[in-house]
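Okay, structure-v7.csv now, which holds CSV, C-alpha atoms:
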```csv
chain,number,residue,atom,x,y,z
G,1,MET,CA,-10.9,24.1,4.7
G,2,SER,CA,-9.1,27.0,3.1
G,3,LEU,CA,-7.5,27.0,-0.3
G,4,ALA,CA,-4.0,27.2,1.0
G,5,LEU,CA,-4.6,24.0,3.1
G,6,TYR,CA,-5.9,22.2,0.0
G,7,ILE,CA,-2.8,23.3,-1.9
G,8,VAL,CA,-0.5,21.9,0.8
G,9,LEU,CA,-2.4,18.6,1.0
G,10,PHE,CA,-2.4,18.1,-2.8
G,11,SER,CA,1.3,19.1,-3.0
G,12,VAL,CA,2.3,16.5,-0.5
G,13,GLY,CA,0.1,13.9,-2.2
G,14,ALA,CA,1.6,14.7,-5.6
G,15,ALA,CA,5.1,14.5,-4.1
G,16,ALA,CA,4.2,11.0,-2.8
G,17,VAL,CA,2.9,10.0,-6.3
G,18,VAL,CA,6.1,11.3,-7.9
G,19,LEU,CA,8.3,9.3,-5.5
G,20,CYS,CA,6.4,6.1,-6.3
G,21,MET,CA,6.6,6.9,-10.0
G,22,VAL,CA,10.4,7.3,-9.8
G,23,ARG,CA,10.6,3.9,-8.1
G,24,ALA,CA,8.3,2.4,-10.7
G,25,LEU,CA,10.5,3.7,-13.5
G,26,ARG,CA,13.8,2.8,-11.9
G,27,GLY,CA,13.0,-0.5,-10.1
G,28,PRO,CA,15.5,-3.2,-10.8
G,29,THR,CA,13.0,-6.1,-11.0
G,30,ALA,CA,9.3,-6.5,-12.0
G,31,PRO,CA,8.0,-6.9,-8.4
G,32,ASP,CA,9.6,-3.6,-7.5
G,33,ARG,CA,7.7,-1.8,-10.2
G,34,LEU,CA,4.5,-3.6,-9.2
G,35,VAL,CA,4.9,-2.6,-5.5
G,36,ALA,CA,5.5,1.0,-6.5
G,37,VAL,CA,2.4,1.0,-8.7
G,38,ASP,CA,0.3,-0.6,-5.9
G,39,GLY,CA,1.4,2.2,-3.5
G,40,MET,CA,0.6,4.8,-6.2
G,41,ILE,CA,-2.9,3.4,-6.7
G,42,THR,CA,-3.7,3.6,-3.0
G,43,ILE,CA,-2.4,7.2,-2.8
G,44,THR,CA,-4.4,8.1,-5.9
G,45,THR,CA,-7.6,6.6,-4.3
G,46,ALA,CA,-7.2,8.8,-1.2
G,47,LEU,CA,-6.5,11.9,-3.4
G,48,LEU,CA,-9.6,11.2,-5.5
G,49,VAL,CA,-11.8,11.3,-2.4
G,50,LEU,CA,-10.0,14.5,-1.3
G,51,LEU,CA,-10.5,16.0,-4.7
G,52,GLY,CA,-14.2,15.2,-4.3
G,53,LEU,CA,-14.2,17.2,-1.1
G,54,PHE,CA,-12.4,20.1,-2.8
G,55,LEU,CA,-14.8,20.2,-5.8
G,56,GLY,CA,-17.9,19.6,-3.7
G,57,ARG,CA,-19.0,16.7,-5.9
G,58,ARG,CA,-20.0,13.4,-4.3
G,59,ILE,CA,-19.5,11.3,-7.4
G,60,TYR,CA,-15.7,11.2,-6.9
G,61,ILE,CA,-16.2,8.8,-4.0
G,62,ASP,CA,-17.8,6.3,-6.4
G,63,VAL,CA,-14.9,6.9,-8.9
G,64,ALA,CA,-12.5,6.1,-6.1
G,65,LEU,CA,-14.4,3.0,-5.1
G,66,VAL,CA,-14.4,1.7,-8.7
G,67,TYR,CA,-10.7,2.5,-9.1
G,68,ALA,CA,-9.8,0.6,-5.9
G,69,VAL,CA,-11.8,-2.4,-7.0
G,70,LEU,CA,-10.2,-2.5,-10.5
G,71,ALA,CA,-6.7,-1.9,-9.0
G,72,PHE,CA,-7.1,-4.8,-6.6
G,73,VAL,CA,-8.2,-7.2,-9.3
G,74,GLY,CA,-5.3,-6.0,-11.5
G,75,VAL,CA,-2.6,-6.3,-8.9
G,76,ILE,CA,-3.8,-9.8,-7.9
G,77,ALA,CA,-3.8,-10.8,-11.6
G,78,VAL,CA,-0.3,-9.5,-12.2
G,79,ALA,CA,1.0,-11.1,-9.0
G,80,ARG,CA,-0.5,-14.5,-10.1
G,81,TYR,CA,1.2,-14.0,-13.5
G,82,LEU,CA,4.6,-13.3,-11.8
G,83,GLU,CA,4.2,-16.4,-9.6
G,84,ARG,CA,3.4,-19.1,-12.1
G,85,GLY,CA,2.9,-17.5,-15.5
G,86,LEU,CA,-0.4,-17.1,-17.3
U,1,MET,CA,-15.6,26.6,10.0
U,2,THR,CA,-17.5,24.1,12.1
U,3,THR,CA,-16.0,21.7,14.6
U,4,THR,CA,-16.4,18.7,12.4
U,5,ALA,CA,-14.6,20.4,9.6
U,6,ILE,CA,-11.6,21.2,11.8
U,7,ILE,CA,-11.4,17.6,13.1
U,8,GLY,CA,-11.8,16.3,9.6
U,9,THR,CA,-9.0,18.6,8.4
U,10,PHE,CA,-6.6,17.3,11.1
U,11,VAL,CA,-7.5,13.6,10.2
U,12,VAL,CA,-6.9,14.3,6.5
U,13,GLY,CA,-3.6,16.0,7.2
U,14,PHE,CA,-2.5,13.0,9.3
U,15,GLY,CA,-3.5,10.6,6.6
U,16,VAL,CA,-1.7,12.6,3.8
U,17,ALA,CA,1.4,12.8,5.9
U,18,PHE,CA,1.4,9.0,6.3
U,19,LEU,CA,0.8,8.6,2.5
U,20,PHE,CA,4.0,10.7,1.9
U,21,LEU,CA,6.0,8.6,4.4
U,22,GLY,CA,4.8,5.4,2.7
U,23,ALA,CA,5.9,6.8,-0.7
U,24,LEU,CA,9.3,7.8,0.9
U,25,GLY,CA,9.7,4.2,2.1
U,26,ILE,CA,9.0,2.9,-1.3
U,27,PHE,CA,11.5,5.2,-2.8
U,28,ARG,CA,14.3,4.8,-0.3
U,29,LEU,CA,14.3,1.2,1.1
U,30,PRO,CA,16.8,-1.3,-0.4
U,31,ASP,CA,14.7,-4.3,-1.1
U,32,VAL,CA,11.4,-5.3,-2.6
U,33,TYR,CA,10.2,-6.8,0.7
U,34,ASN,CA,11.1,-3.8,2.7
U,35,ARG,CA,9.4,-1.6,0.1
U,36,LEU,CA,6.4,-3.8,0.3
U,37,GLN,CA,6.2,-3.5,4.1
U,38,ALA,CA,6.6,0.3,4.1
U,39,GLY,CA,4.4,0.9,1.1
U,40,THR,CA,1.6,-1.3,2.4
U,41,LYS,CA,1.3,-0.4,6.0
U,42,CYS,CA,1.8,3.4,5.7
U,43,THR,CA,-0.4,3.8,2.7
U,44,THR,CA,-3.2,1.7,4.2
U,45,LEU,CA,-3.2,3.8,7.3
U,46,GLY,CA,-2.8,7.0,5.3
U,47,ALA,CA,-5.6,6.3,2.9
U,48,PHE,CA,-7.9,5.1,5.7
U,49,CYS,CA,-7.3,8.3,7.7
U,50,ALA,CA,-7.6,10.6,4.6
U,51,ILE,CA,-10.9,9.1,3.4
U,52,VAL,CA,-12.5,8.9,6.9
U,53,GLY,CA,-11.3,12.5,7.5
U,54,VAL,CA,-13.2,13.6,4.3
U,55,GLY,CA,-16.3,11.8,5.8
U,56,ILE,CA,-15.9,13.6,9.0
U,57,ALA,CA,-15.4,17.0,7.4
U,58,GLU,CA,-18.5,16.5,5.2
U,59,PRO,CA,-20.9,14.5,7.5
U,60,GLY,CA,-23.3,13.6,4.7
U,61,TRP,CA,-20.6,11.6,2.9
U,62,ILE,CA,-19.6,9.4,5.9
U,63,PHE,CA,-21.4,6.2,4.7
U,64,LYS,CA,-19.8,6.1,1.2
U,65,ALA,CA,-16.4,7.2,2.6
U,66,LEU,CA,-16.5,4.4,5.1
U,67,ILE,CA,-17.3,1.9,2.3
U,68,VAL,CA,-14.2,3.0,0.4
U,69,ALA,CA,-12.1,3.1,3.5
U,70,VAL,CA,-13.1,-0.4,4.7
U,71,PHE,CA,-12.6,-1.8,1.2
U,72,ILE,CA,-9.0,-0.4,1.1
U,73,LEU,CA,-8.4,-1.7,4.6
U,74,LEU,CA,-9.5,-5.2,3.6
U,75,THR,CA,-8.0,-5.5,0.2
U,76,ASN,CA,-4.6,-3.8,0.6
U,77,PRO,CA,-3.1,-6.5,2.8
U,78,ILE,CA,-4.4,-9.2,0.5
U,79,SER,CA,-2.7,-7.7,-2.5
U,80,ALA,CA,0.5,-7.2,-0.5
U,81,HIS,CA,0.5,-10.8,0.6
U,82,ALA,CA,0.0,-12.0,-3.0
U,83,LEU,CA,2.8,-9.6,-4.2
U,84,ALA,CA,5.2,-10.9,-1.5
U,85,ARG,CA,4.6,-14.5,-2.4
U,86,ALA,CA,4.8,-13.8,-6.1
U,87,SER,CA,8.1,-11.9,-5.8
U,88,TYR,CA,9.6,-14.7,-3.6
U,89,LYS,CA,8.5,-17.4,-6.0
U,90,SER,CA,9.7,-15.5,-9.0
U,91,GLY,CA,13.2,-15.6,-7.7
U,92,VAL,CA,13.8,-12.2,-6.1
U,93,ARG,CA,16.3,-12.8,-3.2
U,94,PRO,CA,16.3,-10.6,0.0
U,95,TYR,CA,19.2,-8.3,0.1
U,96,ASP,CA,22.4,-9.0,2.0
U,97,GLY,CA,21.5,-7.4,5.3
U,98,THR,CA,18.5,-9.8,5.8
U,99,VAL,CA,18.8,-11.5,9.2
U,100,VAL,CA,16.3,-14.3,9.0
U,101,ASP,CA,14.4,-16.0,6.1
U,102,LYS,CA,11.8,-18.3,7.7
U,103,TYR,CA,10.1,-19.0,4.4
U,104,ARG,CA,13.2,-20.6,2.9
U,105,GLU,CA,13.8,-22.7,5.9
U,106,LEU,CA,10.2,-23.9,6.0
U,107,GLY,CA,10.3,-24.5,2.3
U,108,GLU,CA,13.4,-26.6,2.5
U,109,CYS,CA,11.9,-28.6,5.4
U,110,LYS,CA,8.8,-29.3,3.3
U,111,GLU,CA,10.8,-30.3,0.2
U,112,VAL,CA,13.1,-32.7,2.1
U,113,GLY,CA,10.2,-34.2,4.0
U,114,ASN,CA,11.1,-36.8,6.6
U,115,ALA,CA,14.8,-36.0,6.4
U,116,ALA,CA,14.1,-32.6,7.7
U,117,GLU,CA,13.2,-34.0,11.1
U,118,THR,CA,16.7,-35.4,11.6
U,119,SER,CA,18.3,-32.2,10.6
U,120,GLU,CA,16.1,-30.1,12.8
U,121,PRO,CA,18.4,-29.9,15.8
U,122,THR,CA,21.2,-28.4,13.6
U,123,ALA,CA,18.8,-25.8,12.2
U,124,GLY,CA,17.7,-25.0,15.8
U,125,GLY,CA,21.4,-24.7,16.8
U,126,GLU,CA,22.0,-22.1,14.2
U,127,GLU,CA,19.5,-19.8,15.7
```

Translate this file's structure into structure tokens.
Amino acid sequence: MSLALYIVLFSVGAAAVVLCMVRALRGPTAPDRLVAVDGMITITTALLVLLGLFLGRRIYIDVALVYAVLAFVGVIAVARYLERGL
Amino acid sequence: MTTTAIIGTFVVGFGVAFLFLGALGIFRLPDVYNRLQAGTKCTTLGAFCAIVGVGIAEPGWIFKALIVAVFILLTNPISAHALARASYKSGVRPYDGTVVDKYRELGECKEVGNAAETSEPTAGGEE
């Protein structure tokens, strides 16, 4: 892939993250913010793998995997907290 | 540029476009449940296509990329389900344009118990 293509892909991904972050800052209720953060986490995982392809380093896939696992556990924990309290 | 790199580029572009559409749905839709639906389905497909596309473009990475992609494909609906149930039980109502709310109907039937069987024809008549 050429550099211009990478710039386009990362710009679209960054725009997606910014939209999710605006919703996370503005959301009226706590579940709104949590949904926005969940979407932001998934987008960030995909962009981490793409960053690994851009930099030519394979370790970024492991970083993305660990990030996905921790985010899954965190989202489940916060959802359980919203449902019935700690 | 080899053939696999071109195919992988197209798949990555498809995935990133779906990621942007999912984020747009999270930003624009009126309700937490609508946002959850857009944000989960679009970002699951987008992340899956982007990661598998990276694996196609760089054929030595396909195994690890598939591990990450399948993990996202399995865990994203689970977290979305937990989020939807948590937001319903924490008292977030659907917005005014909502047509049907099956969870509330079923919940009322379960709470009332045997009395719900007698009131079932009226509930069916409303539909």

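Reported to one decimal place, the separation of CA of Leu3 (chain G) from CA of Phe54 (chain G) is 8.8 Å.
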
Show me, as JSON, numbers by chain, the residues of chain U whose atoms get within 6 Å of chain G, using all atoms listed in the file for the distance check. {"U": [20, 23, 27, 32, 39, 47, 51, 68, 79, 83, 86, 87, 89, 90]}

Enter the distance from CA of Pro30 (chain U) to CA of Thr44 (chain U), in Å, rounded to one decimal.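 Pair CA of Pro30 (chain U) / CA of Thr44 (chain U) returns 20.7 Å.
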
Determine, counting all atoms listed in the file, which protein, DNA and RNA residues have an atom within 8 Å of an atom of Leu66 (chain U); residues of the same chain fewer than 3 positions away are not included. Present the result as a list in words.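 Using all atoms listed in the file, the neighbours found are Ile51, Val52, Gly55, Ile62, Phe63, Ala69 and Val70 of chain U.
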
Residues from last step as file, C-alpha atoms, as a PDB file, keeping the file's coordinate frame:
```
ATOM      1  CA  ILE U  51     -10.900   9.100   3.400  1.00  0.00           C
ATOM      2  CA  VAL U  52     -12.500   8.900   6.900  1.00  0.00           C
ATOM      3  CA  GLY U  55     -16.300  11.800   5.800  1.00  0.00           C
ATOM      4  CA  ILE U  62     -19.600   9.400   5.900  1.00  0.00           C
ATOM      5  CA  PHE U  63     -21.400   6.200   4.700  1.00  0.00           C
ATOM      6  CA  ALA U  69     -12.100   3.100   3.500  1.00  0.00           C
ATOM      7  CA  VAL U  70     -13.100  -0.400   4.700  1.00  0.00           C
TER       8      VAL U  70
END
```

Gap from CA of Tyr103 (chain U) to CA of Ala38 (chain U) - Å, one decimal: 19.6 Å

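Comparing U:Tyr95, U:Pro77, U:Gly15, U:Ile67 by their smallest distance to Thr40 (chain U), the closest is U:Pro77 (using all atoms listed in the file).
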
Find the spatial neighbours of Gly8 (chain U), counting all atoms listed in the file, within a cut-off of 7 Å - ignore same-chain residues fewer than 4 positions away - and output them as a list in words.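 Here the answer would be Thr4, Val12, Gly53, Val54, Ile56 and Ala57 of chain U.
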
Quick one: write out the picked residues with C-alpha atoms as a PDB file, keeping the file's coordinate frame?
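Written file, again.pdb:
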```
ATOM      1  CA  THR U   4     -16.400  18.700  12.400  1.00  0.00           C
ATOM      2  CA  VAL U  12      -6.900  14.300   6.500  1.00  0.00           C
ATOM      3  CA  GLY U  53     -11.300  12.500   7.500  1.00  0.00           C
ATOM      4  CA  VAL U  54     -13.200  13.600   4.300  1.00  0.00           C
ATOM      5  CA  ILE U  56     -15.900  13.600   9.000  1.00  0.00           C
ATOM      6  CA  ALA U  57     -15.400  17.000   7.400  1.00  0.00           C
TER       7      ALA U  57
END
```

Please complete region 3-19 of chain G so it has N, CA and C atoms, and hand it over as an mmCIF file, in the frame of the given file.
```
data_model
loop_
_atom_site.group_PDB
_atom_site.id
_atom_site.type_symbol
_atom_site.label_atom_id
_atom_site.label_comp_id
_atom_site.auth_asym_id
_atom_site.auth_seq_id
_atom_site.Cartn_x
_atom_site.Cartn_y
_atom_site.Cartn_z
ATOM 1 N N LEU G 3 -8.159 27.423 0.943
ATOM 2 C CA LEU G 3 -7.500 27.000 -0.300
ATOM 3 C C LEU G 3 -6.043 26.703 -0.099
ATOM 4 N N ALA G 4 -5.378 27.431 0.793
ATOM 5 C CA ALA G 4 -4.000 27.200 1.000
ATOM 6 C C ALA G 4 -3.749 25.782 1.607
ATOM 7 N N LEU G 5 -4.681 25.365 2.462
ATOM 8 C CA LEU G 5 -4.600 24.000 3.100
ATOM 9 C C LEU G 5 -4.745 22.943 2.008
ATOM 10 N N TYR G 6 -5.705 23.186 1.088
ATOM 11 C CA TYR G 6 -5.900 22.200 0.000
ATOM 12 C C TYR G 6 -4.608 22.161 -0.856
ATOM 13 N N ILE G 7 -3.994 23.318 -1.109
ATOM 14 C CA ILE G 7 -2.800 23.300 -1.900
ATOM 15 C C ILE G 7 -1.670 22.526 -1.255
ATOM 16 N N VAL G 8 -1.533 22.689 0.072
ATOM 17 C CA VAL G 8 -0.500 21.900 0.800
ATOM 18 C C VAL G 8 -0.785 20.440 0.729
ATOM 19 N N LEU G 9 -2.049 20.058 0.966
ATOM 20 C CA LEU G 9 -2.400 18.600 1.000
ATOM 21 C C LEU G 9 -2.153 17.994 -0.390
ATOM 22 N N PHE G 10 -2.614 18.687 -1.447
ATOM 23 C CA PHE G 10 -2.400 18.100 -2.800
ATOM 24 C C PHE G 10 -0.952 18.108 -3.188
ATOM 25 N N SER G 11 -0.173 19.080 -2.712
ATOM 26 C CA SER G 11 1.300 19.100 -3.000
ATOM 27 C C SER G 11 1.948 17.888 -2.401
ATOM 28 N N VAL G 12 1.629 17.619 -1.121
ATOM 29 C CA VAL G 12 2.300 16.500 -0.500
ATOM 30 C C VAL G 12 1.838 15.174 -1.134
ATOM 31 N N GLY G 13 0.557 15.080 -1.507
ATOM 32 C CA GLY G 13 0.100 13.900 -2.200
ATOM 33 C C GLY G 13 0.768 13.714 -3.558
ATOM 34 N N ALA G 14 0.942 14.822 -4.274
ATOM 35 C CA ALA G 14 1.600 14.700 -5.600
ATOM 36 C C ALA G 14 3.061 14.368 -5.428
ATOM 37 N N ALA G 15 3.717 14.867 -4.360
ATOM 38 C CA ALA G 15 5.100 14.500 -4.100
ATOM 39 C C ALA G 15 5.199 12.975 -3.839
ATOM 40 N N ALA G 16 4.220 12.446 -3.096
ATOM 41 C CA ALA G 16 4.200 11.000 -2.800
ATOM 42 C C ALA G 16 4.048 10.210 -4.113
ATOM 43 N N VAL G 17 3.146 10.664 -4.983
ATOM 44 C CA VAL G 17 2.900 10.000 -6.300
ATOM 45 C C VAL G 17 4.203 10.027 -7.117
ATOM 46 N N VAL G 18 4.892 11.166 -7.086
ATOM 47 C CA VAL G 18 6.100 11.300 -7.900
ATOM 48 C C VAL G 18 7.207 10.362 -7.376
ATOM 49 N N LEU G 19 7.330 10.249 -6.035
ATOM 50 C CA LEU G 19 8.300 9.300 -5.500
ATOM 51 C C LEU G 19 8.030 7.884 -5.902
#
```
